[in-house]
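K.L.:
My structure is stored as model07.tsv, with TSV, C-alpha atoms.
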```tsv
chain	number	residue	atom	x	y	z
A	1132	MET	CA	179.89	-5.68	331.76
A	1133	LYS	CA	181.85	-7.95	329.46
A	1134	ASN	CA	180.90	-5.77	326.51
A	1135	LYS	CA	182.12	-2.66	328.27
A	1136	ASP	CA	185.38	-4.41	329.17
A	1137	LEU	CA	185.91	-5.32	325.54
A	1138	GLN	CA	185.30	-1.76	324.45
A	1139	ILE	CA	187.77	-0.45	326.99
A	1140	SER	CA	190.29	-3.15	326.13
A	1141	ASP	CA	190.12	-2.42	322.41
A	1142	LYS	CA	190.50	1.30	322.93
A	1143	ILE	CA	193.39	0.90	325.30
A	1144	ASN	CA	195.19	-1.56	323.04
A	1145	ALA	CA	194.77	0.81	320.12
A	1146	HIS	CA	196.43	3.63	322.01
A	1147	ARG	CA	199.96	4.59	320.96
A	1148	ILE	CA	202.41	6.92	322.59
A	1149	GLY	CA	202.80	9.62	320.01
A	1150	ASP	CA	205.70	11.62	321.37
A	1151	TYR	CA	208.11	8.72	321.65
A	1152	ASP	CA	211.29	8.79	319.56
A	1153	PRO	CA	211.97	5.18	318.57
A	1154	GLU	CA	215.36	6.05	317.07
A	1155	ALA	CA	216.67	7.23	320.42
A	1156	GLY	CA	215.22	4.16	322.08
A	1157	TRP	CA	216.88	1.91	319.52
A	1158	ALA	CA	220.23	3.61	320.09
A	1159	GLN	CA	219.95	2.76	323.79
A	1160	LEU	CA	218.84	-0.77	323.10
A	1161	GLU	CA	221.64	-1.30	320.59
A	1162	LYS	CA	224.18	-0.35	323.24
A	1163	ARG	CA	222.75	-2.99	325.53
A	1164	LEU	CA	222.54	-5.64	322.86
A	1165	TYR	CA	226.00	-5.03	321.42
A	1166	PRO	CA	228.24	-3.83	324.21
A	1167	ARG	CA	231.22	-5.55	322.60
A	1168	LYS	CA	231.68	-2.75	320.10
A	1169	LYS	CA	232.42	-0.36	322.91
A	1170	ARG	CA	234.61	-2.86	324.71
A	1171	THR	CA	236.68	-3.46	321.58
A	1172	LEU	CA	237.16	0.24	321.19
A	1173	ASN	CA	238.19	0.53	324.83
A	1174	TRP	CA	240.52	-2.41	324.47
A	1175	ARG	CA	242.19	-0.75	321.52
A	1176	TYR	CA	242.58	2.48	323.43
A	1177	ALA	CA	244.02	0.56	326.35
A	1178	ALA	CA	246.47	-1.27	324.09
A	1179	ALA	CA	247.56	2.01	322.49
A	1180	ALA	CA	247.95	3.59	325.92
A	1181	CYS	CA	250.04	0.65	327.12
A	1182	LEU	CA	252.26	0.92	324.05
A	1183	ILE	CA	252.80	4.62	324.56
A	1184	ALA	CA	253.46	4.10	328.25
A	1185	GLY	CA	255.95	1.34	327.45
A	1186	VAL	CA	257.84	3.49	324.97
A	1187	ALA	CA	257.84	6.40	327.40
A	1188	GLY	CA	259.01	4.12	330.20
A	1189	ALA	CA	261.85	2.75	328.10
A	1190	PHE	CA	262.85	6.26	327.07
A	1191	LEU	CA	262.82	7.46	330.66
A	1192	TYR	CA	264.70	4.41	331.81
A	1193	ARG	CA	267.41	4.98	329.25
A	1194	ASN	CA	267.68	8.63	330.08
A	1195	HIS	CA	267.53	7.94	333.76
A	1196	SER	CA	270.36	5.45	333.50
A	1197	ALA	CA	272.46	7.81	331.49
A	1198	LYS	CA	271.79	10.60	333.91
A	1199	THR	CA	272.71	8.41	336.83
A	1200	ALA	CA	275.87	7.35	335.12
A	1201	GLY	CA	276.63	10.96	334.36
A	1202	ASN	CA	276.06	11.89	337.96
A	1203	THR	CA	278.36	9.12	339.05
A	1204	GLY	CA	280.97	10.41	336.68
A	1205	LEU	CA	280.59	13.91	338.02
A	1206	ALA	CA	280.92	12.62	341.55
A	1207	GLY	CA	284.08	10.88	340.51
A	1208	VAL	CA	285.48	14.04	339.01
A	1209	ARG	CA	284.64	15.95	342.17
A	1210	LEU	CA	286.31	13.22	344.17
A	1211	MET	CA	289.41	13.64	342.10
A	1212	ASP	CA	289.47	17.34	342.80
A	1213	LYS	CA	289.59	16.93	346.51
A	1214	THR	CA	291.80	15.10	348.84
A	1215	LEU	CA	289.62	12.73	350.74
A	1216	PRO	CA	290.28	10.14	353.35
A	1217	ILE	CA	290.86	6.80	351.73
A	1218	VAL	CA	289.68	3.51	353.15
A	1219	ILE	CA	292.10	0.71	352.59
A	1220	ASN	CA	291.72	-2.65	354.28
A	1221	ASP	CA	288.92	-1.22	356.46
A	1222	ARG	CA	291.17	1.42	357.90
A	1223	ILE	CA	291.10	5.07	357.17
A	1224	ILE	CA	294.32	6.56	356.05
A	1225	ARG	CA	294.89	10.15	355.32
A	1226	LEU	CA	297.56	10.53	352.83
A	1227	PRO	CA	299.29	13.86	352.66
A	1228	ALA	CA	298.13	16.04	349.89
A	1229	LEU	CA	300.86	16.40	347.40
A	1230	PRO	CA	301.15	19.77	345.80
A	1231	GLY	CA	299.03	20.03	342.67
A	1232	LYS	CA	297.67	16.52	342.53
A	1233	THR	CA	295.21	14.48	344.49
A	1234	ILE	CA	295.97	10.95	345.54
A	1235	ILE	CA	293.59	9.47	343.07
A	1236	GLN	CA	294.98	11.55	340.30
A	1237	GLN	CA	298.42	10.31	341.19
A	1238	LEU	CA	297.26	6.75	341.27
A	1239	LEU	CA	295.45	7.04	337.99
A	1240	GLN	CA	298.34	8.77	336.38
A	1241	ARG	CA	300.61	5.95	337.40
A	1242	HIS	CA	298.24	3.34	336.08
A	1243	ALA	CA	297.76	4.89	332.70
A	1244	PRO	CA	297.75	4.03	329.92
A	1245	VAL	CA	295.16	1.36	330.52
A	1246	ALA	CA	294.50	-1.48	328.14
A	1247	ALA	CA	291.01	-2.49	327.09
A	1248	ARG	CA	289.14	-3.91	329.97
A	1249	SER	CA	289.39	-7.60	330.40
A	1250	PHE	CA	286.88	-9.61	332.34
A	1251	ALA	CA	289.34	-12.43	332.79
A	1252	ARG	CA	291.22	-11.05	335.70
A	1253	ALA	CA	294.81	-11.89	336.00
A	1254	GLN	CA	296.10	-12.70	339.38
A	1255	PRO	CA	297.34	-9.56	341.06
A	1256	VAL	CA	301.03	-9.42	341.33
A	1257	VAL	CA	302.10	-10.03	344.88
A	1258	GLU	CA	304.75	-7.63	345.80
A	1259	THR	CA	307.00	-7.77	348.75
A	1260	PRO	CA	306.45	-4.95	351.18
A	1261	ALA	CA	308.48	-1.96	350.27
A	1262	PRO	CA	309.49	0.95	352.43
A	1263	LEU	CA	306.91	3.68	352.57
A	1264	PRO	CA	307.51	6.76	350.53
A	1265	ALA	CA	309.17	9.54	352.34
A	1266	GLU	CA	306.01	11.61	352.46
A	1267	LEU	CA	304.13	8.81	354.24
A	1268	THR	CA	306.50	8.29	357.13
A	1269	PRO	CA	305.12	9.11	360.62
A	1270	GLY	CA	307.20	12.18	360.95
A	1271	ASN	CA	306.05	13.52	357.69
A	1272	ALA	CA	302.34	12.74	357.68
A	1273	GLY	CA	301.22	16.12	356.46
A	1274	PRO	CA	298.26	17.81	358.08
A	1275	TYR	CA	297.25	14.73	360.13
A	1276	PRO	CA	300.31	13.76	362.18
A	1277	HIS	CA	298.32	11.81	364.82
A	1278	ASP	CA	296.49	9.57	362.41
A	1279	PRO	CA	297.46	5.96	362.26
A	1280	LEU	CA	299.92	5.02	359.68
A	1281	PRO	CA	298.57	4.08	356.34
A	1282	GLU	CA	298.69	0.45	355.49
A	1283	ILE	CA	299.84	0.10	352.00
A	1284	ALA	CA	301.03	-3.32	351.14
A	1285	ALA	CA	303.15	-2.27	348.29
A	1286	VAL	CA	303.65	0.94	346.54
A	1287	LYS	CA	306.35	0.67	344.03
A	1288	PRO	CA	307.73	3.15	341.67
A	1289	ALA	CA	306.68	2.80	338.12
A	1290	ALA	CA	307.97	-0.26	336.42
A	1291	PRO	CA	307.77	-0.97	332.74
A	1292	VAL	CA	304.79	-3.13	332.04
A	1293	ASP	CA	303.48	-4.47	328.80
A	1294	LYS	CA	300.66	-2.24	327.55
A	1295	SER	CA	298.50	-5.19	326.65
A	1296	SER	CA	298.64	-6.52	330.19
A	1297	ALA	CA	295.25	-7.53	331.51
A	1298	GLN	CA	296.13	-6.29	334.97
A	1299	LEU	CA	295.93	-2.65	334.15
A	1300	PRO	CA	292.15	-2.10	334.12
A	1301	VAL	CA	291.87	-4.25	337.20
A	1302	LEU	CA	294.16	-1.95	339.00
A	1303	ALA	CA	292.08	1.08	338.08
A	1304	GLU	CA	289.01	-0.74	339.20
A	1305	GLU	CA	290.56	-1.67	342.52
A	1306	ALA	CA	291.64	1.86	343.06
A	1307	PHE	CA	288.12	3.05	342.56
A	1308	GLU	CA	286.66	0.47	344.87
A	1309	ALA	CA	289.19	1.21	347.53
A	1310	VAL	CA	288.29	4.86	347.46
A	1311	VAL	CA	284.55	4.67	347.13
A	1312	ASN	CA	283.34	1.55	348.84
A	1313	LEU	CA	285.12	-1.68	349.49
A	1314	GLU	CA	282.07	-3.71	350.39
A	1315	ALA	CA	279.57	-2.58	347.82
A	1316	PRO	CA	278.79	-4.99	345.01
A	1317	ARG	CA	280.02	-3.94	341.68
A	1318	ARG	CA	277.12	-2.60	339.79
A	1319	LYS	CA	276.52	-1.21	336.40
A	1320	LYS	CA	277.05	2.32	337.50
A	1321	GLU	CA	280.39	1.55	339.04
A	1322	ASN	CA	281.43	-0.27	335.93
A	1323	ARG	CA	280.42	2.70	333.85
A	1324	PHE	CA	282.34	4.96	336.13
A	1325	LEU	CA	285.37	2.74	335.83
A	1326	LYS	CA	285.10	2.83	332.09
A	1327	TYR	CA	284.94	6.57	332.31
A	1328	LEU	CA	288.01	6.67	334.51
A	1329	ALA	CA	289.85	4.26	332.31
A	1330	ALA	CA	289.03	6.25	329.21
A	1331	ARG	CA	290.07	9.39	330.92
A	1332	ALA	CA	293.24	7.82	332.18
A	1333	ARG	CA	294.07	6.51	328.74
A	1334	GLN	CA	294.09	9.92	327.23
A	1335	THR	CA	295.32	12.65	329.50
A	1336	ASP	CA	296.09	13.34	333.09
A	1337	TYR	CA	294.59	16.19	335.08
A	1338	THR	CA	296.96	18.67	333.52
A	1339	GLY	CA	295.93	17.75	330.02
A	1340	GLU	CA	299.21	16.14	329.12
A	1341	LYS	CA	299.27	12.91	327.26
A	1342	LEU	CA	299.99	10.21	329.76
A	1343	SER	CA	303.19	8.32	329.68
A	1344	SER	CA	303.33	4.57	329.38
A	1345	SER	CA	304.85	4.12	332.81
A	1346	THR	CA	302.70	2.47	335.41
A	1347	THR	CA	302.74	1.39	338.97
A	1348	ILE	CA	301.31	-1.80	340.33
A	1349	VAL	CA	299.55	-1.19	343.58
A	1350	LYS	CA	298.15	-4.00	345.60
A	1351	PHE	CA	295.70	-3.16	348.33
B	117	MET	CA	209.22	-7.26	304.59
B	118	SER	CA	206.83	-9.44	306.53
B	119	LEU	CA	206.98	-9.93	310.27
B	120	ALA	CA	208.10	-13.53	309.79
B	121	HIS	CA	211.11	-12.36	307.76
B	122	ILE	CA	211.92	-9.68	310.32
B	123	LEU	CA	211.81	-12.23	313.12
B	124	GLU	CA	214.00	-14.57	311.10
B	125	GLY	CA	216.52	-11.75	310.77
B	126	CYS	CA	216.31	-11.11	314.51
B	127	ARG	CA	217.03	-14.76	315.10
B	128	ARG	CA	220.23	-14.32	313.06
B	129	ARG	CA	221.04	-11.25	315.15
B	130	GLU	CA	220.76	-8.87	312.22
B	131	ARG	CA	220.66	-5.34	313.50
B	132	ASN	CA	218.46	-4.01	310.73
B	133	ALA	CA	215.80	-6.59	311.47
B	134	GLN	CA	215.96	-5.88	315.20
B	135	ARG	CA	215.75	-2.19	314.55
B	136	GLN	CA	212.74	-2.62	312.29
B	137	LEU	CA	210.94	-4.76	314.85
B	138	PHE	CA	211.67	-2.24	317.57
B	139	HIS	CA	210.37	0.63	315.45
B	140	THR	CA	207.17	-1.28	314.74
B	141	TYR	CA	206.31	-2.23	318.32
B	142	ALA	CA	208.07	0.32	320.54
B	143	SER	CA	205.22	2.81	320.78
B	144	ARG	CA	202.61	0.14	321.49
B	145	MET	CA	204.76	-1.58	324.13
B	146	LEU	CA	205.58	1.74	325.75
B	147	ALA	CA	201.85	2.34	326.20
B	148	VAL	CA	201.54	-1.04	327.91
B	149	CYS	CA	204.32	-0.22	330.32
B	150	ILE	CA	202.97	3.26	331.07
B	151	ARG	CA	199.59	1.76	331.99
B	152	TYR	CA	201.27	-0.21	334.77
B	153	VAL	CA	204.05	2.00	336.09
B	154	LYS	CA	202.63	5.42	335.11
B	155	ARG	CA	205.95	7.26	335.00
B	156	LYS	CA	207.19	7.52	331.43
B	157	GLU	CA	210.88	7.23	332.36
B	158	ASP	CA	210.29	3.98	334.25
B	159	ALA	CA	208.13	2.70	331.42
B	160	GLU	CA	210.83	3.40	328.81
B	161	GLU	CA	213.40	1.57	330.86
B	162	LEU	CA	211.12	-1.41	331.31
B	163	MET	CA	210.27	-1.48	327.63
B	164	LEU	CA	213.97	-1.55	326.68
B	165	GLN	CA	214.54	-4.34	329.20
B	166	GLY	CA	211.65	-6.25	327.68
B	167	PHE	CA	212.98	-5.91	324.14
B	168	GLU	CA	216.45	-6.87	325.29
B	169	LYS	CA	215.03	-9.97	326.92
B	170	PHE	CA	213.09	-10.84	323.79
B	171	PHE	CA	216.10	-10.43	321.47
B	172	THR	CA	218.37	-12.48	323.70
B	173	GLN	CA	215.81	-15.27	324.18
B	174	ILE	CA	214.34	-15.23	320.69
B	175	HIS	CA	215.44	-18.81	320.03
B	176	SER	CA	212.83	-20.07	322.48
B	177	PHE	CA	210.07	-18.25	320.57
B	178	THR	CA	208.05	-19.89	317.81
B	179	PHE	CA	206.27	-17.64	315.38
B	180	GLN	CA	202.55	-18.45	315.16
B	181	GLY	CA	201.16	-15.32	313.57
B	182	GLU	CA	201.28	-11.60	314.14
B	183	ALA	CA	198.61	-11.47	316.85
B	184	ALA	CA	200.30	-14.23	318.82
B	185	PHE	CA	203.63	-12.44	318.54
B	186	ALA	CA	202.14	-9.15	319.75
B	187	GLY	CA	200.58	-10.98	322.70
B	188	TYR	CA	203.91	-12.68	323.47
B	189	LEU	CA	205.80	-9.40	323.40
B	190	LYS	CA	203.13	-7.71	325.50
B	191	ARG	CA	203.31	-10.46	328.07
B	192	ILE	CA	207.06	-9.91	328.40
B	193	MET	CA	206.45	-6.21	329.00
B	194	VAL	CA	203.72	-6.88	331.56
B	195	ASN	CA	206.01	-9.27	333.42
B	196	GLU	CA	208.75	-6.66	333.51
B	197	CYS	CA	206.28	-4.12	334.91
B	198	LEU	CA	204.97	-6.52	337.54
B	199	MET	CA	208.50	-7.27	338.65
B	200	LEU	CA	209.05	-3.58	339.24
B	201	LEU	CA	205.72	-3.23	341.04
B	202	ARG	CA	206.57	-6.16	343.29
B	203	LYS	CA	209.86	-4.46	344.13
B	204	ARG	CA	207.98	-1.27	344.90
B	205	LYS	CA	205.56	-3.27	347.10
B	206	ILE	CA	202.35	-1.77	345.79
B	207	VAL	CA	199.62	-1.22	348.31
B	208	PHE	CA	196.16	-2.51	347.45
B	209	GLU	CA	194.34	0.21	349.30
B	210	GLU	CA	190.61	0.23	349.88
B	211	ILE	CA	188.92	3.54	349.26
B	212	ASP	CA	186.03	3.80	351.69
B	213	ASP	CA	183.61	5.58	349.44
B	214	ARG	CA	180.01	4.37	349.52
B	215	SER	CA	179.29	6.20	346.32
B	216	LEU	CA	181.63	3.83	344.47
B	217	VAL	CA	179.02	1.35	343.42
B	218	VAL	CA	179.01	-0.08	339.97
B	219	THR	CA	175.73	0.66	338.30
B	220	GLN	CA	174.29	-1.03	335.29
B	221	ASP	CA	173.67	2.33	333.65
B	222	GLU	CA	175.02	2.70	330.21
B	223	THR	CA	178.32	4.54	330.46
B	224	PRO	CA	179.49	6.51	327.47
B	225	VAL	CA	182.71	4.52	326.94
B	226	GLU	CA	182.23	4.40	323.22
B	227	ARG	CA	182.12	8.18	323.08
B	228	LEU	CA	185.53	8.48	324.67
B	229	SER	CA	188.70	8.31	322.63
B	230	SER	CA	191.41	5.76	323.35
B	231	LYS	CA	193.61	8.54	324.70
B	232	GLU	CA	190.93	9.73	327.12
B	233	ILE	CA	190.35	6.26	328.49
B	234	PHE	CA	194.09	5.70	328.74
B	235	GLU	CA	194.51	8.89	330.76
B	236	LEU	CA	191.60	8.02	333.03
B	237	ILE	CA	193.11	4.63	333.79
B	238	LEU	CA	196.37	6.32	334.68
B	239	LYS	CA	194.47	8.32	337.30
B	240	LEU	CA	193.39	5.17	339.13
B	241	PRO	CA	195.33	4.24	342.28
B	242	GLU	CA	198.20	1.84	341.58
B	243	GLY	CA	196.55	-1.26	343.06
B	244	TYR	CA	193.23	-0.64	341.28
B	245	ALA	CA	194.91	0.08	337.98
B	246	THR	CA	197.08	-3.05	338.15
B	247	VAL	CA	194.17	-5.40	338.80
B	248	PHE	CA	191.98	-3.59	336.27
B	249	ASN	CA	194.65	-3.83	333.58
B	250	LEU	CA	195.32	-7.48	334.25
B	251	PHE	CA	191.66	-8.45	334.32
B	252	VAL	CA	190.15	-6.23	331.63
B	253	VAL	CA	193.01	-5.62	329.20
B	254	GLU	CA	195.17	-8.74	329.62
B	255	ASP	CA	192.14	-10.94	330.18
B	256	LEU	CA	193.53	-12.84	333.15
B	257	SER	CA	191.38	-14.60	335.75
B	258	HIS	CA	191.27	-13.55	339.40
B	259	LYS	CA	193.17	-16.70	340.29
B	260	GLU	CA	196.00	-15.82	337.90
B	261	ILE	CA	196.04	-12.23	339.11
B	262	ALA	CA	196.19	-13.40	342.72
B	263	GLN	CA	199.15	-15.65	341.92
B	264	LEU	CA	200.96	-12.95	339.97
B	265	LEU	CA	200.54	-10.26	342.62
B	266	GLY	CA	200.74	-12.47	345.68
B	267	ILE	CA	197.30	-11.51	346.94
B	268	THR	CA	194.08	-13.42	347.55
B	269	GLU	CA	191.39	-13.82	344.92
B	270	GLY	CA	189.02	-11.86	347.16
B	271	THR	CA	191.38	-8.90	347.21
B	272	SER	CA	191.66	-9.08	343.45
B	273	LYS	CA	187.87	-9.09	343.04
B	274	SER	CA	187.47	-6.27	345.49
B	275	GLN	CA	190.14	-4.16	343.80
B	276	LEU	CA	188.55	-4.73	340.42
B	277	SER	CA	185.10	-3.82	341.63
B	278	LYS	CA	186.38	-0.61	343.18
B	279	ALA	CA	188.39	0.18	340.07
B	280	ARG	CA	185.33	-0.22	337.86
B	281	ALA	CA	183.24	1.98	340.07
B	282	LEU	CA	185.90	4.69	340.29
B	283	LEU	CA	186.45	4.61	336.54
B	284	GLN	CA	182.71	4.87	335.92
B	285	LYS	CA	182.57	7.85	338.20
B	286	MET	CA	185.51	9.49	336.46
B	287	ILE	CA	184.04	8.87	333.01
B	288	THR	CA	180.74	10.41	334.04
B	289	ALA	CA	182.53	13.40	335.50
B	290	HIS	CA	184.59	13.68	332.36
B	291	GLU	CA	181.46	13.68	330.21
B	292	LYS	CA	179.94	16.48	332.24
```
Transcribe the structure of this file into structure tokens.

P.N.:
Amino acid sequence: MKNKDLQISDKINAHRIGDYDPEAGWAQLEKRLYPRKKRTLNWRYAAAACLIAGVAGAFLYRNHSAKTAGNTGLAGVRLMDKTLPIVINDRIIRLPALPGKTIIQQLLQRHAPVAARSFARAQPVVETPAPLPAELTPGNAGPYPHDPLPEIAAVKPAAPVDKSSAQLPVLAEEAFEAVVNLEAPRRKKENRFLKYLAARARQTDYTGEKLSSSTTIVKF
Amino acid sequence: MSLAHILEGCRRRERNAQRQLFHTYASRMLAVCIRYVKRKEDAEELMLQGFEKFFTQIHSFTFQGEAAFAGYLKRIMVNECLMLLRKRKIVFEEIDDRSLVVTQDETPVERLSSKEIFELILKLPEGYATVFNLFVVEDLSHKEIAQLLGITEGTSKSQLSKARALLQKMITAHEK
């Protein structure tokens, strides 16, 4: 029995699997033994993908911001082309539409030319209340005779002001805020819009004429 | 390059050395695994696991000659196969066949090729083949087999006896 077992054992141990491809087996084993190679490759791909995504994100962000600013500017231009109710001191006033010009256009025309924007705001000039313009009197309130009277603290005719005055951009800014939203925080987009308005106001009025140096100080 | 040099290279994690060792022993170790699990796909997977285990734990191995190394590697493969068989929960079935009696007649084992014997062993039921392989080829005792497979020594002896008888019957039939 032992002899037979030995014979069988020898024959079995001598047997080889002939149709096995050791190269393919080694390729599989190598992957298991050295998985880092693949991971490094993946890590590099991931890093490259992150870089591309970052660049694309920055590009989109820039474009998106510009587009938003452009849209804001367009909205502002549209606003200028229409006579809209204006909120001043939390009350809606409807100023009569003057022939040919919107209220904002009038305001901006009076403010121009505007000096370079200064972040150090000067104290607004406190004006004594002046009589309302003839077109704003109750009897002459234009298309909205039953609306409450507008509350304008001071609207003065143009007075000669030094061009380098730091108040000028502030006035344009206040005009914008009064029209659009009194309560909203001043954001980048609004600032960009104000710059746009200021630049526009510096150069020409709605008719394309070069603006005069006269200005009006309006305090809301 | 001698086996000692190859193993030294494997210890240093040199791919060429590992590849050379794998090429030398892959076919032989695959045969070992096929004897236990029968399916070639399972056997290939187990063989790769065994080599992976050997290469990652090579520092605990001391080279004491080629035969000792082959035995060490084979033992790793057998352990991998037994782990799979334990997971599969192999059944040590008893074939109730009164004709399966081991005779002392001379069986023509020597006239059979290694391939023929290998294929006949693969035809044995899983429980028979496992005990037969462990006892006859790996030269383990019934006590060791019982511990490895979680069975009693009596079951091991019984399975071996039946395996011998069935193999004898198959060899005789093969000769005819």

K.L.:
Got a sec to pull out which chain B residues are within 9 Å of chain A, counting only C-alpha atoms, and send them as a ChimeraX atom specification?

P.N.:
/B:131,134-135,138-140,142-148,160,164-165,167-168,171-172,220,223,225-226,228-231,233-234,249,252-255

K.L.:
Rounded to one decimal, what separation in Å do you get between atom CA of B:Lys239 and atom CA of B:His290?

P.N.:
12.3 Å

K.L.:
Between B:Glu242, B:Glu130, B:Glu235, B:Asp158, which residue has the minimum interatomic distance to B:Lys205, considering only C-alpha atoms?

P.N.:
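Among the listed residues, B:Glu242 lies closest to B:Lys205.
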
K.L.:
Could you check the closest approach to B:Gly187 for each of B:His121, B:Tyr141, B:Met163, B:Leu200 and tell me which residue wins, using all atoms listed in the file?

P.N.:
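Comparing B:His121, B:Tyr141, B:Met163, B:Leu200 against B:Gly187, the winner is B:Tyr141.
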